[in-house]
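Colleague: Here you go, this is protein-v1.cif (mmCIF, C-alpha atoms (C1' of nucleotides)).
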```
data_target
#
loop_
_atom_site.label_atom_id
_atom_site.label_comp_id
_atom_site.auth_asym_id
_atom_site.auth_seq_id
_atom_site.Cartn_x
_atom_site.Cartn_y
_atom_site.Cartn_z
CA MET A 16 0.00 0.00 0.00
CA LYS A 17 1.32 3.44 -0.93
CA PRO A 18 1.53 6.33 1.56
CA ALA A 19 -1.50 8.07 0.07
CA ALA A 20 -3.52 4.89 0.45
CA ILE A 21 -2.27 4.51 4.01
CA ASP A 22 -3.55 7.98 4.84
CA ALA A 23 -6.90 7.28 3.23
CA PHE A 24 -7.08 3.94 4.99
CA PHE A 25 -6.68 5.44 8.46
CA ALA A 26 -8.68 8.57 7.74
CA THR A 27 -11.57 6.30 6.83
CA LEU A 28 -11.11 4.03 9.82
CA GLN A 29 -11.04 7.06 12.08
CA THR A 30 -14.45 8.25 11.00
CA ALA A 31 -15.87 4.75 10.60
CA ASN A 32 -15.01 3.10 13.87
CA PRO A 33 -17.81 2.61 16.41
CA THR A 34 -17.76 4.22 19.81
CA PRO A 35 -15.00 2.47 21.70
CA GLU A 36 -17.10 1.66 24.73
CA THR A 37 -15.06 -1.48 25.05
CA GLU A 38 -11.59 -0.47 26.03
CA LEU A 39 -9.53 -1.56 28.97
CA VAL A 40 -10.30 0.57 32.02
CA PHE A 41 -7.38 1.67 34.22
CA ALA A 42 -6.49 4.55 36.49
CA SER A 43 -2.71 4.29 36.65
CA ARG A 44 0.30 2.85 34.88
CA PHE A 45 0.22 -0.13 37.19
CA GLU A 46 -3.44 -0.79 36.47
CA LEU A 47 -2.72 -0.51 32.77
CA LEU A 48 0.05 -3.07 33.04
CA ALA A 49 -2.12 -5.42 35.10
CA ALA A 50 -5.11 -5.05 32.80
CA VAL A 51 -3.09 -5.73 29.67
CA LEU A 52 -1.46 -8.74 31.31
CA LEU A 53 -4.88 -10.12 32.17
CA SER A 54 -6.28 -9.43 28.71
CA ALA A 55 -4.30 -12.16 26.94
CA GLN A 56 -6.73 -14.30 24.93
CA ALA A 57 -9.63 -12.58 26.65
CA THR A 58 -12.05 -9.85 25.64
CA ASP A 59 -11.56 -6.46 27.24
CA VAL A 60 -15.17 -6.55 28.41
CA SER A 61 -14.52 -9.61 30.56
CA VAL A 62 -11.26 -8.10 31.80
CA ASN A 63 -12.95 -4.85 32.83
CA LYS A 64 -15.62 -6.78 34.68
CA ALA A 65 -12.96 -8.48 36.78
CA THR A 66 -10.55 -5.58 37.26
CA ARG A 67 -13.28 -3.27 38.50
CA ALA A 68 -13.42 -5.12 41.80
CA LEU A 69 -9.79 -6.19 41.72
CA PHE A 70 -8.40 -2.66 41.37
CA ALA A 71 -10.75 -1.39 44.07
CA VAL A 72 -8.96 -3.71 46.48
CA ALA A 73 -5.50 -3.71 44.91
CA PRO A 74 -4.66 -0.57 42.94
CA THR A 75 -0.93 -0.88 43.59
CA PRO A 76 1.62 -3.72 43.43
CA GLU A 77 1.96 -3.61 47.20
CA ARG A 78 -1.76 -4.04 47.72
CA MET A 79 -1.85 -6.75 45.06
CA LEU A 80 0.82 -8.67 46.97
CA LYS A 81 -1.17 -8.29 50.16
CA LEU A 82 -4.22 -9.66 48.36
CA GLY A 83 -2.20 -12.69 47.30
CA GLU A 84 -2.53 -15.20 44.50
CA ALA A 85 -5.63 -16.88 45.93
CA GLY A 86 -7.27 -13.50 46.37
CA VAL A 87 -6.46 -12.50 42.80
CA ILE A 88 -7.93 -15.76 41.50
CA GLU A 89 -11.20 -15.04 43.28
CA HIS A 90 -11.48 -11.81 41.27
CA ILE A 91 -10.39 -13.09 37.86
CA LYS A 92 -11.98 -16.54 37.81
CA THR A 93 -14.26 -15.46 34.97
CA ILE A 94 -11.28 -14.75 32.72
CA GLY A 95 -9.63 -17.53 30.78
CA LEU A 96 -6.18 -18.73 31.82
CA PHE A 97 -6.82 -17.41 35.31
CA ARG A 98 -4.41 -19.62 37.22
CA SER A 99 -1.32 -18.70 35.24
CA LYS A 100 -2.39 -15.07 35.03
CA ALA A 101 -2.79 -14.82 38.81
CA LYS A 102 0.60 -16.39 39.35
CA HIS A 103 2.22 -14.11 36.79
CA LEU A 104 0.57 -10.99 38.17
CA ILE A 105 1.70 -11.69 41.73
CA GLN A 106 5.24 -12.48 40.67
CA ALA A 107 5.29 -9.40 38.45
CA CYS A 108 4.22 -7.29 41.45
CA ARG A 109 7.00 -8.82 43.51
CA LEU A 110 9.55 -7.77 40.88
CA LEU A 111 8.03 -4.30 40.57
CA VAL A 112 8.45 -3.75 44.31
CA GLU A 113 11.87 -5.35 44.57
CA ARG A 114 13.50 -3.87 41.48
CA HIS A 115 11.50 -0.79 40.52
CA HIS A 116 10.25 0.79 43.75
CA GLY A 117 6.73 -0.32 42.91
CA GLN A 118 6.77 1.73 39.70
CA VAL A 119 6.16 0.54 36.15
CA PRO A 120 9.54 0.75 34.39
CA ARG A 121 9.88 2.70 31.16
CA ASP A 122 12.12 0.07 29.70
CA ARG A 123 11.42 -2.80 27.32
CA GLU A 124 13.88 -5.24 28.86
CA ALA A 125 12.61 -4.56 32.36
CA LEU A 126 9.00 -4.92 31.27
CA GLU A 127 9.58 -8.15 29.38
CA ALA A 128 11.41 -9.53 32.40
CA LEU A 129 8.11 -9.43 34.28
CA PRO A 130 6.26 -12.77 34.25
CA GLY A 131 3.33 -12.72 31.87
CA VAL A 132 4.68 -9.74 29.96
CA GLY A 133 5.88 -10.37 26.42
CA ARG A 134 6.59 -8.06 23.54
CA LYS A 135 2.95 -7.26 22.82
CA THR A 136 2.13 -6.26 26.40
CA ALA A 137 5.36 -4.29 26.72
CA ASN A 138 4.54 -2.42 23.52
CA VAL A 139 1.12 -1.41 24.82
CA VAL A 140 2.55 -0.14 28.10
CA LEU A 141 5.43 1.70 26.44
CA ASN A 142 3.10 3.43 24.00
CA VAL A 143 0.07 4.19 26.17
CA ALA A 144 1.81 4.91 29.46
CA PHE A 145 4.99 6.54 28.17
CA GLY A 146 4.25 7.70 24.63
CA GLU A 147 6.99 5.60 23.07
CA PRO A 148 6.59 4.89 19.35
CA THR A 149 5.64 1.22 19.44
CA MET A 150 2.99 -0.91 17.74
CA ALA A 151 1.60 -3.82 19.73
CA VAL A 152 0.63 -6.58 17.31
CA ASP A 153 -2.20 -8.64 18.71
CA THR A 154 -4.31 -11.26 17.00
CA HIS A 155 -6.55 -8.63 15.37
CA ILE A 156 -3.77 -6.45 14.05
CA PHE A 157 -1.81 -9.43 12.77
CA ARG A 158 -4.83 -10.61 10.83
CA VAL A 159 -5.87 -7.18 9.47
CA ALA A 160 -2.34 -6.23 8.45
CA ASN A 161 -1.94 -9.45 6.51
CA ARG A 162 -5.40 -9.68 5.01
CA THR A 163 -5.48 -6.08 3.79
CA GLY A 164 -1.91 -6.04 2.62
CA LEU A 165 -1.25 -3.05 4.86
CA ALA A 166 1.80 -4.75 6.37
CA PRO A 167 2.12 -8.42 5.47
CA GLY A 168 4.36 -10.55 7.64
CA LYS A 169 4.79 -14.12 8.77
CA THR A 170 5.47 -13.21 12.38
CA PRO A 171 4.04 -10.55 14.72
CA LEU A 172 7.46 -8.91 14.85
CA ALA A 173 7.63 -8.63 11.06
CA VAL A 174 4.15 -7.07 11.00
CA GLU A 175 5.12 -4.72 13.82
CA GLN A 176 8.14 -3.47 11.89
CA GLY A 177 6.10 -3.08 8.72
CA LEU A 178 3.46 -1.02 10.50
CA LEU A 179 6.06 1.14 12.23
CA ARG A 180 7.61 1.84 8.84
CA ARG A 181 4.30 2.80 7.26
CA ILE A 182 2.31 4.60 9.95
CA PRO A 183 3.28 8.13 10.96
CA VAL A 184 4.46 8.14 14.58
CA ARG A 185 1.82 10.68 15.51
CA TYR A 186 -0.92 8.18 14.60
CA LEU A 187 0.51 5.07 16.22
CA GLU A 188 -1.65 4.99 19.35
CA ASP A 189 -4.87 5.83 17.48
CA ALA A 190 -4.00 3.51 14.61
CA HIS A 191 -3.59 0.71 17.12
CA HIS A 192 -7.15 1.18 18.35
CA TRP A 193 -8.58 1.66 14.89
CA LEU A 194 -7.01 -1.54 13.64
CA ILE A 195 -8.27 -3.52 16.62
CA LEU A 196 -11.79 -2.14 16.34
CA HIS A 197 -11.79 -2.74 12.60
CA GLY A 198 -10.62 -6.29 13.21
CA ARG A 199 -13.21 -6.95 15.85
CA TYR A 200 -16.27 -5.49 14.17
CA VAL A 201 -15.60 -5.59 10.43
CA CYS A 202 -12.51 -7.54 9.43
CA GLN A 203 -13.53 -10.48 11.60
CA ALA A 204 -11.43 -13.60 11.80
CA ARG A 205 -14.02 -16.06 10.54
CA LYS A 206 -16.26 -14.01 8.32
CA PRO A 207 -14.90 -10.60 7.31
CA LEU A 208 -17.75 -8.21 6.46
CA CYS A 209 -16.21 -7.02 3.20
CA HIS A 210 -19.57 -5.91 1.80
CA ALA A 211 -19.90 -3.42 4.68
CA CYS A 212 -16.22 -2.47 4.86
CA GLN A 213 -15.38 1.17 4.28
CA VAL A 214 -11.73 0.56 3.49
CA ARG A 215 -12.47 -2.24 1.04
CA THR A 216 -11.10 -0.23 -1.88
CA HIS A 217 -7.74 0.03 -0.14
CA CYS A 218 -7.63 -3.65 0.74
CA ASP A 219 -6.14 -6.57 -1.19
CA HIS A 220 -8.68 -9.06 0.15
CA GLY A 221 -11.60 -6.64 -0.15
CA ARG A 222 -10.92 -5.86 -3.79
CA LEU A 223 -10.82 -9.56 -4.61
CA THR A 224 -13.96 -10.53 -2.70
CA ALA A 225 -15.84 -7.53 -4.09
CA MET A 226 -15.45 -8.93 -7.57
CA PRO A 227 -18.20 -11.17 -8.89
CA SER A 228 -17.03 -14.75 -8.91
"C1'" DA B 47 4.34 -27.36 19.27
"C1'" DT B 48 1.62 -27.37 23.27
"C1'" DC B 49 -0.57 -25.82 27.29
"C1'" DC B 50 -3.36 -22.55 29.96
"C1'" DC B 51 -8.91 -21.87 30.05
"C1'" DG B 52 -13.68 -19.09 30.77
"C1'" DA B 53 -17.10 -16.57 28.11
"C1'" DG B 54 -19.41 -15.44 24.00
"C1'" DG B 55 -20.70 -16.04 19.04
"C1'" DG B 56 -22.04 -18.70 14.99
"C1'" DC C 200 -20.47 -28.29 18.58
"C1'" DC C 201 -16.30 -25.41 17.10
"C1'" DC C 202 -13.83 -21.11 16.91
"C1'" DT C 203 -12.16 -16.84 18.79
"C1'" DC C 204 -10.85 -13.47 22.13
"C1'" DT C 205 -5.78 -6.89 22.42
"C1'" DG C 206 -0.48 -13.90 24.57
"C1'" DG C 207 3.05 -15.83 27.14
"C1'" DA C 208 5.75 -19.62 29.10
"C1'" DT C 209 7.44 -24.20 28.72
#
```
Please re-express this file's structure in structure tokens.
Modeller:
Amino acid sequence: MKPAAIDAFFATLQTANPTPETELVFASRFELLAAVLLSAQATDVSVNKATRALFAVAPTPERMLKLGEAGVIEHIKTIGLFRSKAKHLIQACRLLVERHHGQVPRDREALEALPGVGRKTANVVLNVAFGEPTMAVDTHIFRVANRTGLAPGKTPLAVEQGLLRRIPVRYLEDAHHWLILHGRYVCQARKPLCHACQVRTHCDHGRLTAMPS
DNA sequence: ATCCCGAGGG
DNA sequence: CCCTCTGGAT
């Protein structure tokens, strides 16, 4: 896709995307980190439902440690993968307190050293909490980037680098949300709604499927 | 490559 | 019933 098409693509997504009533809810950098960690292979709606009560009790790593793994599990039982997530969250809090004075580090290596935090989660925290120019490639973005031809790649890292090369830094955070919303509501995994897609004309897959066969 | 693992949609 | 959801660790 050429730069002009990229601009048109995102300009259209910006005006087309539905009200993002479903975004992760957090009130601090720590809550952001915890919410993103818990959101792996889970919808943000289910994560918000759990973190609402969890963060009321444990809004800091210290309070999370006091709550303990069993206490965390009680709050996040409705989320998938809850046992490993509770263990990771508690151990991550331990490291935050021991190594980072209970603060979320502005450092990729330090973030990825936390249990349950990989490149995708670190990218979200670095971008949203600290304004660093990163692009977190989740399942939606990986699919949309490949299907549309926006930034094809065999691995999430390859797609990430392609998107960083093509998207103006100023748009990175918004583009991240637009791509996810587009992936969730229009460019769905199973059955992409190409007939209702507003960026179809900019999309490899959309142009093909729009043709009579 | 496989496991973790509940909720929601088709 | 099967697949998917803002992945990460082994």
Colleague: Would you list which chain C residues are within 10 Å of chain A using all atoms listed in the file, as an MDAnalysis selection string?
Modeller: chainID C and resid 202:208
Colleague: Selected residues, C-alpha atoms (C1' of nucleotides), written as an mmCIF file, keeping the file's coordinate frame, please.
Modeller:
```
data_model
loop_
_atom_site.group_PDB
_atom_site.id
_atom_site.type_symbol
_atom_site.label_atom_id
_atom_site.label_comp_id
_atom_site.auth_asym_id
_atom_site.auth_seq_id
_atom_site.Cartn_x
_atom_site.Cartn_y
_atom_site.Cartn_z
ATOM 1 C "C1'" DC C 202 -13.830 -21.110 16.910
ATOM 2 C "C1'" DT C 203 -12.160 -16.840 18.790
ATOM 3 C "C1'" DC C 204 -10.850 -13.470 22.130
ATOM 4 C "C1'" DT C 205 -5.780 -6.890 22.420
ATOM 5 C "C1'" DG C 206 -0.480 -13.900 24.570
ATOM 6 C "C1'" DG C 207 3.050 -15.830 27.140
ATOM 7 C "C1'" DA C 208 5.750 -19.620 29.100
#
```
Colleague: Identify every residue of chain A that has at least one atom within 6 Å of any atom of chain B, counting all atoms listed in the file, and report the result as a list in words.
Modeller: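 Within 6 Å of chain B on chain A, we get Thr93, Ile94, Gly95 and Leu96 of chain A.
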Colleague: At what distance in Å, to one decimal, does atom CA of A:Ala160 lie from atom CA of A:Leu172?
Modeller: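 Value for the atom CA of A:Leu172-atom CA of A:Ala160 distance: 12.0 Å.
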Colleague: For A:Leu141, which residue among A:Arg44, A:Lys102, A:His210, A:Arg181 is the nearest when counting only C-alpha atoms?
Modeller: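 Result for the nearest residue to A:Leu141: A:Arg44.
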Colleague: Hey, can you check how far atom CA of A:Leu69 sits from atom CA of A:Arg123?
Modeller: 25.9 Å
Colleague: Just how far from atom CA of A:Val174 is atom CA of A:Arg121, in Å to one decimal?
Modeller: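 Atom-to-atom, atom CA of A:Arg121 to atom CA of A:Val174, that is 23.1 Å.
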